[in-house]
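**Q** Provided below: coords_3.csv, containing CSV, C-alpha atoms.
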chain,number,residue,atom,x,y,z
A,1,MET,CA,0.0,0.0,0.0
A,2,SER,CA,1.5,3.3,-1.1
A,3,VAL,CA,0.3,5.9,1.4
A,4,PRO,CA,1.7,8.9,-0.6
A,5,LEU,CA,0.1,7.8,-3.9
A,6,THR,CA,-3.2,7.0,-2.1
A,7,LEU,CA,-3.3,10.4,-0.5
A,8,LEU,CA,-2.5,11.9,-3.8
A,9,GLY,CA,-5.4,10.0,-5.4
A,10,LEU,CA,-7.7,11.4,-2.7
A,11,LEU,CA,-6.5,14.8,-3.6
A,12,GLU,CA,-7.3,14.3,-7.2
A,13,ARG,CA,-10.9,13.7,-6.2
A,14,GLU,CA,-11.0,17.1,-4.5
A,15,PRO,CA,-8.6,19.5,-2.7
A,16,SER,CA,-8.6,18.7,1.0
A,17,HIS,CA,-7.1,19.7,4.4
A,18,GLY,CA,-4.9,17.2,6.1
A,19,TYR,CA,-7.5,16.4,8.6
A,20,ASP,CA,-10.1,15.5,5.9
A,21,LEU,CA,-7.5,13.4,4.0
A,22,LYS,CA,-6.7,11.4,7.1
A,23,ARG,CA,-10.4,10.8,7.8
A,24,ASP,CA,-11.1,9.7,4.2
A,25,TYR,CA,-8.0,7.5,4.2
A,26,ASP,CA,-9.0,5.8,7.5
A,27,THR,CA,-12.6,5.3,6.2
A,28,TRP,CA,-11.6,3.7,2.9
A,29,PHE,CA,-8.2,2.2,3.5
A,30,GLY,CA,-7.4,2.2,7.2
A,31,ARG,CA,-9.4,-0.8,8.3
A,32,GLY,CA,-8.2,-0.9,11.9
A,33,LYS,CA,-4.8,0.8,11.1
A,34,PRO,CA,-5.5,4.5,11.1
A,35,LEU,CA,-2.9,6.8,9.6
A,36,PRO,CA,-1.1,8.9,12.2
A,37,TYR,CA,-1.6,12.7,11.8
A,38,GLY,CA,2.2,13.2,11.7
A,39,GLN,CA,2.5,10.8,8.7
A,40,VAL,CA,-0.3,12.7,6.9
A,41,TYR,CA,1.4,16.1,7.2
A,42,ALA,CA,4.9,14.8,6.6
A,43,THR,CA,3.6,13.1,3.4
A,44,LEU,CA,1.8,16.2,2.2
A,45,SER,CA,5.0,18.3,2.7
A,46,ARG,CA,7.0,15.8,0.6
A,47,LEU,CA,4.3,15.8,-2.1
A,48,ALA,CA,4.4,19.6,-2.2
A,49,ARG,CA,8.2,19.6,-2.2
A,50,ASP,CA,8.2,17.2,-5.2
A,51,GLY,CA,5.7,19.3,-7.1
A,52,LYS,CA,2.9,16.8,-7.0
A,53,ALA,CA,0.7,18.8,-4.6
A,54,ILE,CA,0.5,22.4,-3.8
A,55,ALA,CA,-0.5,24.0,-0.4
A,56,GLY,CA,-2.9,26.8,-0.4
A,57,PRO,CA,-2.6,29.8,2.0
A,58,ALA,CA,-3.0,29.2,5.7
A,59,GLU,CA,-6.6,29.5,6.7
A,60,HIS,CA,-7.2,31.1,10.1
A,61,GLY,CA,-9.9,29.5,12.3
A,62,GLU,CA,-10.7,28.6,15.8
A,63,GLY,CA,-7.9,25.9,15.9
A,64,PRO,CA,-4.4,26.0,14.5
A,65,ASP,CA,-4.0,27.4,11.0
A,66,ARG,CA,-4.9,24.9,8.2
A,67,LYS,CA,-3.8,24.6,4.7
A,68,ARG,CA,-5.8,23.1,1.9
A,69,TYR,CA,-3.8,20.9,-0.5
A,70,ALA,CA,-4.5,20.5,-4.2
A,71,ILE,CA,-3.0,18.0,-6.7
A,72,THR,CA,-0.8,19.4,-9.5
A,73,GLU,CA,-0.5,18.1,-13.1
A,74,ALA,CA,2.6,16.2,-12.1
A,75,GLY,CA,0.6,14.7,-9.2
A,76,ILE,CA,-2.2,13.6,-11.6
A,77,ALA,CA,0.4,12.0,-13.9
A,78,ALA,CA,1.9,10.1,-10.9
A,79,VAL,CA,-1.5,8.8,-9.9
A,80,GLU,CA,-2.3,7.8,-13.4
A,81,GLN,CA,1.0,5.9,-13.8
A,82,TRP,CA,0.6,4.2,-10.5
A,83,LEU,CA,-3.0,3.0,-11.3
A,84,SER,CA,-1.9,1.7,-14.7
A,85,GLU,CA,0.9,-0.5,-13.3
A,86,PRO,CA,0.2,-4.0,-12.0
A,87,ALA,CA,1.2,-4.7,-8.4
A,88,PRO,CA,4.0,-7.3,-8.2
A,89,PRO,CA,2.5,-10.7,-8.3
A,90,GLU,CA,3.1,-12.5,-5.0
A,91,PRO,CA,4.0,-14.7,-3.2
A,92,HIS,CA,7.6,-15.3,-4.0
A,93,LEU,CA,8.6,-18.8,-4.8
A,94,GLN,CA,10.7,-19.5,-1.7
A,95,THR,CA,8.0,-19.4,0.9
A,96,VAL,CA,8.3,-20.1,4.6
A,97,LEU,CA,5.9,-22.9,4.1
A,98,PHE,CA,8.0,-24.6,1.5
A,99,SER,CA,11.2,-24.1,3.5
A,100,LYS,CA,9.7,-25.7,6.6
A,101,VAL,CA,8.4,-28.7,4.8
A,102,VAL,CA,11.8,-29.4,3.1
A,103,LEU,CA,13.8,-28.8,6.2
A,104,ALA,CA,11.5,-31.1,8.3
A,105,LEU,CA,12.0,-33.8,5.7
A,106,MET,CA,15.8,-33.3,5.7
A,107,LEU,CA,15.9,-33.5,9.4
A,108,GLY,CA,13.6,-36.6,9.6
A,109,ARG,CA,10.9,-34.6,11.4
A,110,PRO,CA,7.2,-35.0,10.8
A,111,ALA,CA,6.5,-32.7,7.9
A,112,ASP,CA,2.9,-34.0,7.8
A,113,HIS,CA,2.4,-32.8,11.3
A,114,TYR,CA,3.7,-29.4,10.4
A,115,LEU,CA,1.3,-29.2,7.4
A,116,ASP,CA,-1.6,-30.2,9.6
A,117,THR,CA,-0.7,-27.5,12.1
A,118,GLN,CA,-0.4,-25.0,9.4
A,119,ARG,CA,-3.7,-26.1,7.9
A,120,ALA,CA,-5.4,-25.6,11.2
A,121,ALA,CA,-3.9,-22.1,11.6
A,122,HIS,CA,-5.0,-21.1,8.1
A,123,LEU,CA,-8.5,-22.4,8.7
A,124,GLN,CA,-8.8,-20.6,12.0
A,125,ARG,CA,-7.8,-17.3,10.2
A,126,MET,CA,-10.3,-18.1,7.5
A,127,ARG,CA,-13.0,-18.5,10.1
A,128,GLU,CA,-12.1,-15.1,11.6
A,129,LEU,CA,-12.2,-13.4,8.2
A,130,THR,CA,-15.6,-15.0,7.5
A,131,ARG,CA,-17.0,-13.7,10.7
A,132,LEU,CA,-15.7,-10.3,9.7
A,133,LYS,CA,-17.6,-10.6,6.4
A,134,GLU,CA,-20.8,-11.7,8.2
A,135,GLY,CA,-20.9,-8.5,10.3
A,136,GLY,CA,-19.3,-6.1,7.9
A,137,ASP,CA,-20.2,-3.9,5.0
A,138,LEU,CA,-19.1,-4.4,1.4
A,139,MET,CA,-15.7,-2.8,2.0
A,140,ASP,CA,-15.0,-5.2,4.9
A,141,THR,CA,-16.3,-8.1,2.8
A,142,LEU,CA,-14.1,-7.5,-0.2
A,143,LEU,CA,-11.0,-6.9,1.9
A,144,ALA,CA,-11.7,-10.1,3.8
A,145,ASP,CA,-12.3,-11.9,0.5
A,146,HIS,CA,-8.8,-10.9,-0.6
A,147,GLY,CA,-7.4,-12.5,2.4
A,148,LEU,CA,-9.6,-15.6,2.1
A,149,TYR,CA,-8.6,-16.3,-1.4
A,150,HIS,CA,-4.9,-16.0,-0.6
A,151,LEU,CA,-5.3,-18.3,2.4
A,152,GLU,CA,-7.3,-20.7,0.2
A,153,ALA,CA,-4.4,-20.8,-2.3
A,154,ASP,CA,-2.0,-21.7,0.5
A,155,LEU,CA,-4.3,-24.4,1.7
A,156,ARG,CA,-4.5,-25.9,-1.8
A,157,TRP,CA,-0.7,-26.0,-1.8
A,158,ILE,CA,-0.7,-27.6,1.6
A,159,ASP,CA,-3.1,-30.3,0.5
A,160,HIS,CA,-1.2,-30.8,-2.7
A,161,THR,CA,2.1,-31.1,-0.9
A,162,ALA,CA,0.7,-33.4,1.8
A,163,ALA,CA,-0.3,-35.8,-0.9
A,164,ARG,CA,3.2,-35.8,-2.3
A,165,LEU,CA,5.3,-35.9,0.9
A,166,GLY,CA,6.6,-39.4,0.2
A,167,MET,CA,7.9,-38.4,-3.2
A,168,LEU,CA,9.4,-35.1,-1.8
A,169,ALA,CA,11.1,-37.0,0.9
A,170,GLN,CA,12.8,-39.3,-1.7
A,171,VAL,CA,14.0,-36.2,-3.6
A,172,VAL,CA,15.3,-34.5,-0.4
A,173,HIS,CA,17.2,-37.6,0.6
A,174,GLN,CA,18.8,-38.4,-2.8
B,1,MET,CA,-23.4,-34.5,21.9
B,2,ILE,CA,-26.4,-34.6,19.6
B,3,ILE,CA,-24.9,-36.9,17.0
B,4,GLU,CA,-21.9,-39.1,17.1
B,5,ALA,CA,-20.1,-41.8,15.1
B,6,ARG,CA,-17.9,-44.1,17.1
B,7,ASN,CA,-15.2,-46.2,15.2
B,8,VAL,CA,-17.5,-46.6,12.2
B,9,VAL,CA,-16.3,-49.1,9.6
B,10,LYS,CA,-18.0,-49.4,6.2
B,11,SER,CA,-16.9,-51.2,3.1
B,12,PHE,CA,-18.4,-51.5,-0.4
B,13,GLY,CA,-17.6,-55.0,-1.5
B,14,GLN,CA,-13.8,-55.3,-1.1
B,15,THR,CA,-13.3,-51.6,-1.0
B,16,PRO,CA,-13.1,-50.1,2.5
B,17,ALA,CA,-14.6,-46.6,2.7
B,18,LEU,CA,-14.5,-46.0,6.5
B,19,ARG,CA,-11.9,-47.7,8.7
B,20,GLY,CA,-12.9,-46.6,12.2
B,21,ALA,CA,-14.1,-43.1,11.8
B,22,SER,CA,-15.3,-41.1,14.8
B,23,ILE,CA,-17.0,-37.7,14.9
B,24,ALA,CA,-19.2,-36.0,17.4
B,25,ALA,CA,-21.1,-32.8,17.1
B,26,GLY,CA,-22.9,-30.8,19.8
B,27,ALA,CA,-26.4,-29.3,19.6
B,28,GLY,CA,-26.3,-26.2,17.4
B,29,GLU,CA,-22.7,-26.8,16.3
B,30,ILE,CA,-21.7,-26.4,12.7
B,31,VAL,CA,-19.0,-28.9,11.7
B,32,ALA,CA,-17.3,-29.0,8.4
B,33,VAL,CA,-16.1,-32.4,7.1
B,34,MET,CA,-13.2,-31.9,4.7
B,35,GLY,CA,-10.9,-34.3,3.0
B,36,PRO,CA,-9.7,-35.5,-0.4
B,37,SER,CA,-12.0,-37.0,-3.0
B,38,GLY,CA,-12.7,-40.7,-2.1
B,39,SER,CA,-11.6,-40.2,1.5
B,40,GLY,CA,-15.0,-41.3,2.9
B,41,LYS,CA,-16.6,-38.0,3.7
B,42,SER,CA,-20.0,-38.8,2.1
B,43,THR,CA,-20.0,-42.3,3.4
B,44,LEU,CA,-19.5,-40.9,6.9
B,45,LEU,CA,-22.4,-38.5,6.4
B,46,HIS,CA,-24.6,-41.3,5.1
B,47,CYS,CA,-23.8,-43.4,8.2
B,48,LEU,CA,-24.5,-40.5,10.5
B,49,ALA,CA,-27.8,-39.8,8.8
B,50,GLY,CA,-28.9,-43.4,9.0
B,51,ILE,CA,-28.9,-43.8,5.2
B,52,LEU,CA,-26.2,-46.4,5.4
B,53,THR,CA,-25.7,-49.0,8.1
B,54,PRO,CA,-22.1,-49.4,9.3
B,55,ASP,CA,-20.4,-52.8,9.1
B,56,ALA,CA,-19.0,-52.1,12.6
B,57,GLY,CA,-19.0,-49.3,15.1
B,58,GLU,CA,-21.9,-47.2,16.5
B,59,VAL,CA,-23.9,-44.2,15.5
B,60,TRP,CA,-25.7,-42.3,18.2
B,61,PHE,CA,-28.4,-39.5,17.9
B,62,ALA,CA,-29.8,-37.7,20.8
B,63,GLY,CA,-28.8,-40.4,23.2
B,64,GLN,CA,-30.3,-43.2,21.0
B,65,ARG,CA,-28.4,-45.8,19.1
B,66,LEU,CA,-29.3,-45.1,15.5
B,67,ASP,CA,-27.5,-47.8,13.6
B,68,THR,CA,-29.4,-50.6,15.2
B,69,LEU,CA,-32.8,-49.2,14.5
B,70,ARG,CA,-35.0,-50.8,11.9
B,71,GLU,CA,-35.1,-49.1,8.5
B,72,VAL,CA,-38.6,-47.8,9.1
B,73,GLN,CA,-37.5,-46.1,12.3
B,74,ARG,CA,-34.5,-44.6,10.6
B,75,SER,CA,-36.7,-43.4,7.8
B,76,GLU,CA,-38.9,-41.6,10.4
B,77,LEU,CA,-35.9,-40.0,12.0
B,78,ARG,CA,-34.6,-38.8,8.6
B,79,ARG,CA,-38.0,-37.4,7.8
B,80,ASP,CA,-38.8,-35.7,11.2
B,81,ARG,CA,-35.5,-34.9,12.9
B,82,PHE,CA,-33.0,-34.5,10.1
B,83,GLY,CA,-32.8,-32.2,7.1
B,84,PHE,CA,-30.8,-32.6,3.9
B,85,VAL,CA,-29.2,-30.3,1.3
B,86,PHE,CA,-27.3,-31.8,-1.6
B,87,GLN,CA,-25.0,-30.3,-4.2
B,88,SER,CA,-27.6,-29.9,-6.9
B,89,GLY,CA,-30.8,-29.0,-5.0
B,90,GLN,CA,-32.6,-32.1,-6.2
B,91,LEU,CA,-36.0,-30.4,-6.2
B,92,VAL,CA,-39.0,-32.3,-7.5
B,93,PRO,CA,-39.4,-30.7,-11.0
B,94,GLU,CA,-43.1,-31.3,-11.1
B,95,LEU,CA,-43.7,-29.3,-8.0
B,96,THR,CA,-43.6,-25.5,-7.5
B,97,ALA,CA,-40.8,-24.1,-5.3
B,98,GLU,CA,-43.4,-23.6,-2.5
B,99,GLU,CA,-44.6,-27.2,-2.8
B,100,ASN,CA,-41.1,-28.5,-2.7
B,101,VAL,CA,-40.5,-26.7,0.6
B,102,ALA,CA,-43.8,-27.8,2.0
B,103,LEU,CA,-43.1,-31.5,1.0
B,104,PRO,CA,-41.3,-32.7,4.2
B,105,LEU,CA,-44.1,-31.2,6.3
B,106,LEU,CA,-46.8,-32.9,4.2
B,107,LEU,CA,-44.9,-36.2,4.4
B,108,SER,CA,-44.9,-35.8,8.2
B,109,GLY,CA,-48.7,-35.4,8.2
B,110,THR,CA,-49.0,-31.6,8.5
B,111,ARG,CA,-52.2,-30.3,6.9
B,112,ARG,CA,-51.6,-28.8,3.5
B,113,ALA,CA,-52.7,-25.2,4.4
B,114,ALA,CA,-50.4,-25.2,7.4
B,115,ALA,CA,-47.5,-26.7,5.5
B,116,VAL,CA,-47.8,-24.2,2.7
B,117,ALA,CA,-48.0,-21.3,5.2
B,118,GLU,CA,-44.9,-22.6,7.0
B,119,ALA,CA,-43.1,-23.0,3.6
B,120,ARG,CA,-44.1,-19.4,2.6
B,121,ALA,CA,-42.5,-18.0,5.7
B,122,TRP,CA,-39.1,-19.4,4.6
B,123,PHE,CA,-39.3,-17.7,1.2
B,124,GLY,CA,-39.1,-14.3,2.9
B,125,ARG,CA,-36.3,-15.4,5.2
B,126,LEU,CA,-34.2,-16.7,2.3
B,127,GLY,CA,-34.7,-13.8,-0.1
B,128,LEU,CA,-37.0,-15.8,-2.3
B,129,ASP,CA,-40.1,-13.6,-2.2
B,130,GLY,CA,-42.2,-13.9,-5.4
B,131,LEU,CA,-40.6,-17.2,-6.5
B,132,GLY,CA,-43.0,-19.6,-4.7
B,133,ASN,CA,-44.9,-20.6,-7.8
B,134,ARG,CA,-41.9,-21.3,-10.0
B,135,ARG,CA,-40.8,-24.7,-10.8
B,136,SER,CA,-37.2,-25.8,-10.5
B,137,GLY,CA,-36.4,-25.2,-14.2
B,138,GLU,CA,-37.4,-21.6,-13.8
B,139,LEU,CA,-35.0,-20.9,-10.9
B,140,SER,CA,-31.3,-19.9,-11.1
B,141,GLY,CA,-28.9,-22.3,-9.5
B,142,GLY,CA,-28.6,-20.1,-6.4
B,143,GLN,CA,-32.3,-19.7,-6.1
B,144,ALA,CA,-32.9,-23.4,-6.4
B,145,GLN,CA,-30.3,-24.1,-3.8
B,146,ARG,CA,-32.0,-21.7,-1.4
B,147,VAL,CA,-35.3,-23.4,-2.0
B,148,ALA,CA,-33.5,-26.7,-1.2
B,149,LEU,CA,-32.1,-25.1,1.9
B,150,ALA,CA,-35.6,-24.0,3.0
B,151,ARG,CA,-36.9,-27.6,2.4
B,152,GLY,CA,-34.0,-28.9,4.5
B,153,LEU,CA,-34.8,-26.6,7.4
B,154,VAL,CA,-38.6,-26.3,7.2
B,155,THR,CA,-39.3,-29.1,9.7
B,156,GLY,CA,-37.0,-27.5,12.3
B,157,PRO,CA,-34.6,-30.4,12.2
B,158,GLN,CA,-32.1,-31.1,14.9
B,159,VAL,CA,-29.4,-32.0,12.4
B,160,LEU,CA,-29.0,-30.6,8.9
B,161,PHE,CA,-26.8,-32.7,6.6
B,162,ALA,CA,-25.3,-30.7,3.8
B,163,ASP,CA,-23.2,-32.5,1.1
B,164,GLU,CA,-21.3,-30.0,-1.0
B,165,PRO,CA,-24.2,-27.5,-0.8
B,166,THR,CA,-22.4,-24.9,-2.9
B,167,GLY,CA,-20.6,-27.3,-5.2
B,168,SER,CA,-22.6,-26.2,-8.3
B,169,LEU,CA,-22.8,-22.5,-7.5
B,170,ASP,CA,-20.7,-19.5,-8.4
B,171,SER,CA,-18.8,-17.9,-5.5
B,172,VAL,CA,-21.3,-15.1,-4.9
B,173,SER,CA,-24.3,-17.4,-4.9
B,174,GLY,CA,-22.4,-19.9,-2.8
B,175,GLU,CA,-21.6,-17.3,-0.2
B,176,MET,CA,-25.2,-16.3,0.0
B,177,VAL,CA,-26.3,-19.9,0.5
B,178,MET,CA,-23.7,-20.5,3.2
B,179,SER,CA,-24.5,-17.3,5.0
B,180,LEU,CA,-28.3,-18.1,5.0
B,181,MET,CA,-27.7,-21.7,6.0
B,182,THR,CA,-25.4,-20.9,8.9
B,183,GLY,CA,-27.6,-18.0,10.0
B,184,ALA,CA,-30.8,-20.0,10.0
B,185,ALA,CA,-29.2,-23.0,11.6
B,186,ARG,CA,-27.8,-20.9,14.4
B,187,GLU,CA,-31.2,-19.2,14.9
B,188,GLN,CA,-32.9,-22.6,15.1
B,189,GLY,CA,-30.2,-24.2,17.1
B,190,THR,CA,-29.8,-26.8,14.3
B,191,THR,CA,-26.6,-28.8,14.2
B,192,VAL,CA,-25.0,-28.8,10.7
B,193,ILE,CA,-22.8,-31.5,9.3
B,194,LEU,CA,-21.3,-29.8,6.3
B,195,ILE,CA,-19.3,-31.8,3.7
B,196,THR,CA,-17.1,-29.6,1.6
B,197,HIS,CA,-13.8,-29.6,-0.2
B,198,ASP,CA,-13.9,-25.8,-0.3
B,199,ALA,CA,-12.0,-24.1,2.6
B,200,ARG,CA,-13.9,-20.9,2.1
B,201,VAL,CA,-17.2,-22.8,2.7
B,202,ALA,CA,-15.7,-24.6,5.6
B,203,ALA,CA,-14.8,-21.3,7.2
B,204,TYR,CA,-18.5,-20.7,7.9
B,205,ALA,CA,-18.4,-23.7,10.3
B,206,ASP,CA,-17.4,-23.6,14.0
B,207,ARG,CA,-14.7,-26.2,13.4
B,208,GLU,CA,-13.5,-28.7,10.8
B,209,ILE,CA,-12.6,-32.3,10.8
B,210,ILE,CA,-10.4,-33.9,8.1
B,211,VAL,CA,-11.2,-37.3,6.8
B,212,ARG,CA,-8.3,-39.2,5.2
B,213,ASP,CA,-8.4,-42.8,4.0
B,214,GLY,CA,-11.6,-43.5,5.9
B,215,THR,CA,-10.4,-42.2,9.3
B,216,VAL,CA,-10.8,-38.8,10.9
B,217,GLY,CA,-7.3,-37.4,10.7
B,218,SER,CA,-7.2,-34.3,12.9
B,219,LEU,CA,-9.5,-32.0,14.7
B,220,THR,CA,-9.1,-28.2,14.4
B,221,GLY,CA,-11.0,-25.1,15.4
B,222,ALA,CA,-12.8,-23.7,18.3
B,223,THR,CA,-14.2,-25.6,21.3
B,224,PRO,CA,-17.8,-26.4,20.5
B,225,ALA,CA,-20.1,-23.8,21.9
B,226,PRO,CA,-23.0,-25.2,23.8
B,227,GLY,CA,-26.1,-25.0,21.7
B,228,PRO,CA,-29.6,-24.4,22.9
B,229,ALA,CA,-31.3,-27.3,24.6
B,230,ARG,CA,-33.6,-29.2,22.3
Show me, as structure tokens, the structure contained in the file I just sent.
**A**
Amino acid sequence: MSVPLTLLGLLEREPSHGYDLKRDYDTWFGRGKPLPYGQVYATLSRLARDGKAIAGPAEHGEGPDRKRYAITEAGIAAVEQWLSEPAPPEPHLQTVLFSKVVLALMLGRPADHYLDTQRAAHLQRMRELTRLKEGGDLMDTLLADHGLYHLEADLRWIDHTAARLGMLAQVVHQ
Amino acid sequence: MIIEARNVVKSFGQTPALRGASIAAGAGEIVAVMGPSGSGKSTLLHCLAGILTPDAGEVWFAGQRLDTLREVQRSELRRDRFGFVFQSGQLVPELTAEENVALPLLLSGTRRAAAVAEARAWFGRLGLDGLGNRRSGELSGGQAQRVALARGLVTGPQVLFADEPTGSLDSVSGEMVMSLMTGAAREQGTTVILITHDARVAAYADREIIVRDGTVGSLTGATPAPGPAR
């Protein structure tokens, strides 16, 4: 998740104060991990320094002075480029799961037991995400689905590997 | 425990399907039964539901030995105390959706007017309003499966057996069926034995068991929550 580009995207929607940006970020993307105010203002300063956003004049009110930030043409171009690029496909080939299975087999330890333990942990997390969906709105549901599909992919690999442990053990001990 | 299999053995000819499988589910608990194809999941469900008689071992339901009952008694149990949902709905094509849902009540001797009224109440609960007069061929897969779910729950069964209930549905329809099934079951205090190979479906359950080579391999998940007394 790129916080600077996400904030920049929110600015493309409409010019905003830092406070409003933080509120919108937390509403749409925070999901239990709100953005600290300090990070919001530091990011806005950097975006302004890089010519991707521009700060308006200080507005005097009851509280501290506030500045309204607006996106620049360079900022719009940066958002457009970011949205058009695919995110790096994950996971990487050398996963912790794979390493643990191979090491367990090398060391003569019960790899099937490890896979069962991992399967139980994955299923437990899937139950938690499913409960989140049941009580949540569409945003919660789609975020939880993203996690669920990734966990499901891991589980398929776990089942696939569990069915081939004997063959893998032969390869490891060759 | 409301339903339990103890060291159940079942073979088909020379082919063993269950080699001493044990499973227990509490009242109101939702248990997913997972495992590879051919591992014995469906055979275990059929033994628990009294559809098949084990070669050895015991099946208990509500403190009563089920596997030693005569077929006519097991048939009554299946009709009055158990509900079933299968992969492809298996609605009676000649009947309307409403009549399909009312069918278990009619078979149990409920008067037609009362059975249809009870069936209609389920249409609203499962988002099927206005579809009561359609026949199965006029329903989408998701709608037909929700009708099948209503039929499985309309008698207020103590145990609902669901064998791959979302197996023929797309992911969105499947989620709707699972959410409605688990919601209604929890509301009624119905125990659900859910066979699935899909981990996202199993995640709706309180816990999972894994069946491998005819035995229950490992138990995972939360401690069963005590369900309502029935």
**Q** Just checking: using all atoms listed in the file, which residue out of A:Lys133, A:His146, A:His160, A:Leu165 ends up closest to Ser179 (chain B)?
**A**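 The answer is A:Lys133, which sits nearest to Ser179 (chain B).
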**Q** Would you kindly return, as a PyMOL selection string, each protein, DNA or RNA residue with an atom no farther than 9 Å from any atom of Leu47 (chain A), considering all atoms listed in the file and excluding same-chain residues fewer than 4 positions away?
**A** chain A and resi 4+8+42-43+51-54+71+75
**Q** How far is it from CA of Gly183 (chain B) to CA of Arg212 (chain B), in Å with one decimal?
**A**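 Going from CA of Gly183 (chain B) over to CA of Arg212 (chain B) covers 29.1 Å.
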**Q** With a cut-off of 12 Å, could you pull out the residues of chain B touching chain A and give me the nearest pair of atoms for each, distance in Å to one decimal, using only C-alpha atoms, ordered by chain and ascending number, as CSV?
**A**
residue,atom,partner,partner_atom,distance
B:Ala32,CA,A:Leu123,CA,11.0
B:Met34,CA,A:Asp159,CA,11.1
B:Gly35,CA,A:Asp159,CA,9.1
B:Pro36,CA,A:Asp159,CA,8.5
B:Ser37,CA,A:Asp159,CA,11.7
B:Ser171,CA,A:Asp145,CA,10.7
B:Val172,CA,A:Asp145,CA,11.0
B:Glu175,CA,A:Thr130,CA,10.0
B:Met176,CA,A:Glu134,CA,10.4
B:Met178,CA,A:Glu134,CA,10.5
B:Ser179,CA,A:Glu134,CA,7.4
B:Leu180,CA,A:Glu134,CA,10.4
B:Thr182,CA,A:Glu134,CA,10.3
B:Gly183,CA,A:Glu134,CA,9.4
B:His197,CA,A:Arg156,CA,10.1
B:Asp198,CA,A:Glu152,CA,8.4
B:Ala199,CA,A:Glu152,CA,6.3
B:Arg200,CA,A:Leu148,CA,6.8
B:Val201,CA,A:Thr130,CA,9.3
B:Ala202,CA,A:Arg127,CA,8.0
B:Ala203,CA,A:Arg127,CA,4.4
B:Tyr204,CA,A:Arg127,CA,6.3
B:Ala205,CA,A:Arg127,CA,7.5
B:Asp206,CA,A:Arg127,CA,7.8
B:Arg207,CA,A:Gln124,CA,8.3
B:Glu208,CA,A:Leu123,CA,8.3
B:Ile209,CA,A:Ala120,CA,9.8
B:Ile210,CA,A:Asp116,CA,9.7
B:Arg212,CA,A:Ala163,CA,10.6
B:Asp213,CA,A:Ala163,CA,11.8
B:Gly217,CA,A:Asp116,CA,9.2
B:Ser218,CA,A:Asp116,CA,7.7
B:Leu219,CA,A:Ala120,CA,8.4
B:Thr220,CA,A:Ala120,CA,5.5
B:Gly221,CA,A:Gln124,CA,6.1
B:Ala222,CA,A:Gln124,CA,8.1
B:Thr223,CA,A:Gln124,CA,11.9
**Q** Give me, please, the distance in Å between CA of Gly142 (chain B) and CA of Ser173 (chain B), quoted to one decimal.
**A** 5.3 Å
**Q** Hey, which of A:Arg49, A:Trp28, A:Val96, A:Leu5 ends up closest to Asp154 (chain A)? Count all atoms listed in the file.
**A**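 Of the candidates, the smallest distance to Asp154 (chain A) is held by A:Val96.
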**Q** For each of B:Thr110, B:Gln87, B:Asn100, B:Thr196, take the minimum atom-to-atom distance to Arg151 (chain B), counting all atoms listed in the file, then give the residue where this is smallest.
**A**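 Ranking B:Thr110, B:Gln87, B:Asn100, B:Thr196 by distance to Arg151 (chain B), first place goes to B:Asn100.
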**Q** What is the distance between CA of Gln170 (chain A) and CA of Gln118 (chain A), in Å to one decimal?
**A** 22.4 Å
**Q** Would you mind listing what lies within 7 Å of region 9-25 of chain A as a list in words, with all atoms listed in the file counted and same-chain residues fewer than 2 positions away left out?
**A**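 My reading of the contact set: Leu5, Thr6, Leu7, Thr27, Trp28, Phe29, Gly30, Leu35, Val40, Tyr41, Arg66, Lys67, Arg68, Tyr69, Ala70, Ile71, Ile76 and Val79 of chain A.
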**Q** Using all atoms listed in the file, pick whichever of B:Leu105, B:Val9, B:Ala25, B:Ile2 has the shortest atom-to-atom distance to Gly63 (chain B).
**A**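 Among B:Leu105, B:Val9, B:Ala25, B:Ile2, it is B:Ile2 that comes nearest to Gly63 (chain B).
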**Q** Neighbours of Glu118 (chain B) within 8 Å (only C-alpha atoms; same-chain residues fewer than 3 positions away dropped), as a list in words?
**A**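 Everything that qualifies: Ala102, Ala114, Ala115, Ala121, Trp122 and Val154 of chain B.
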**Q** Mind writing the picked residues with C-alpha atoms as an mmCIF file, in the frame of the given file?
**A**
data_model
loop_
_atom_site.group_PDB
_atom_site.id
_atom_site.type_symbol
_atom_site.label_atom_id
_atom_site.label_comp_id
_atom_site.auth_asym_id
_atom_site.auth_seq_id
_atom_site.Cartn_x
_atom_site.Cartn_y
_atom_site.Cartn_z
ATOM 1 C CA ALA B 102 -43.800 -27.800 2.000
ATOM 2 C CA ALA B 114 -50.400 -25.200 7.400
ATOM 3 C CA ALA B 115 -47.500 -26.700 5.500
ATOM 4 C CA ALA B 121 -42.500 -18.000 5.700
ATOM 5 C CA TRP B 122 -39.100 -19.400 4.600
ATOM 6 C CA VAL B 154 -38.600 -26.300 7.200
#
**Q** For the point (-34.1, -21.8, -9.0) in file coordinates, what residues are within 10 Å, counting only C-alpha atoms? Give the answer as a compact mmCIF listing (two decimals) with C-alpha atoms, in the frame of the given file?
**A**
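Saved result, point.txt, follows:
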# COMPACT_ATOMS: atom_id res chain seq x y z
CA GLY B 89 -30.80 -29.00 -5.00
CA LEU B 91 -36.00 -30.40 -6.20
CA ALA B 97 -40.80 -24.10 -5.30
CA LEU B 128 -37.00 -15.80 -2.30
CA LEU B 131 -40.60 -17.20 -6.50
CA ARG B 134 -41.90 -21.30 -10.00
CA ARG B 135 -40.80 -24.70 -10.80
CA SER B 136 -37.20 -25.80 -10.50
CA GLY B 137 -36.40 -25.20 -14.20
CA GLU B 138 -37.40 -21.60 -13.80
CA LEU B 139 -35.00 -20.90 -10.90
CA SER B 140 -31.30 -19.90 -11.10
CA GLY B 141 -28.90 -22.30 -9.50
CA GLY B 142 -28.60 -20.10 -6.40
CA GLN B 143 -32.30 -19.70 -6.10
CA ALA B 144 -32.90 -23.40 -6.40
CA GLN B 145 -30.30 -24.10 -3.80
CA ARG B 146 -32.00 -21.70 -1.40
CA VAL B 147 -35.30 -23.40 -2.00
CA ALA B 148 -33.50 -26.70 -1.20
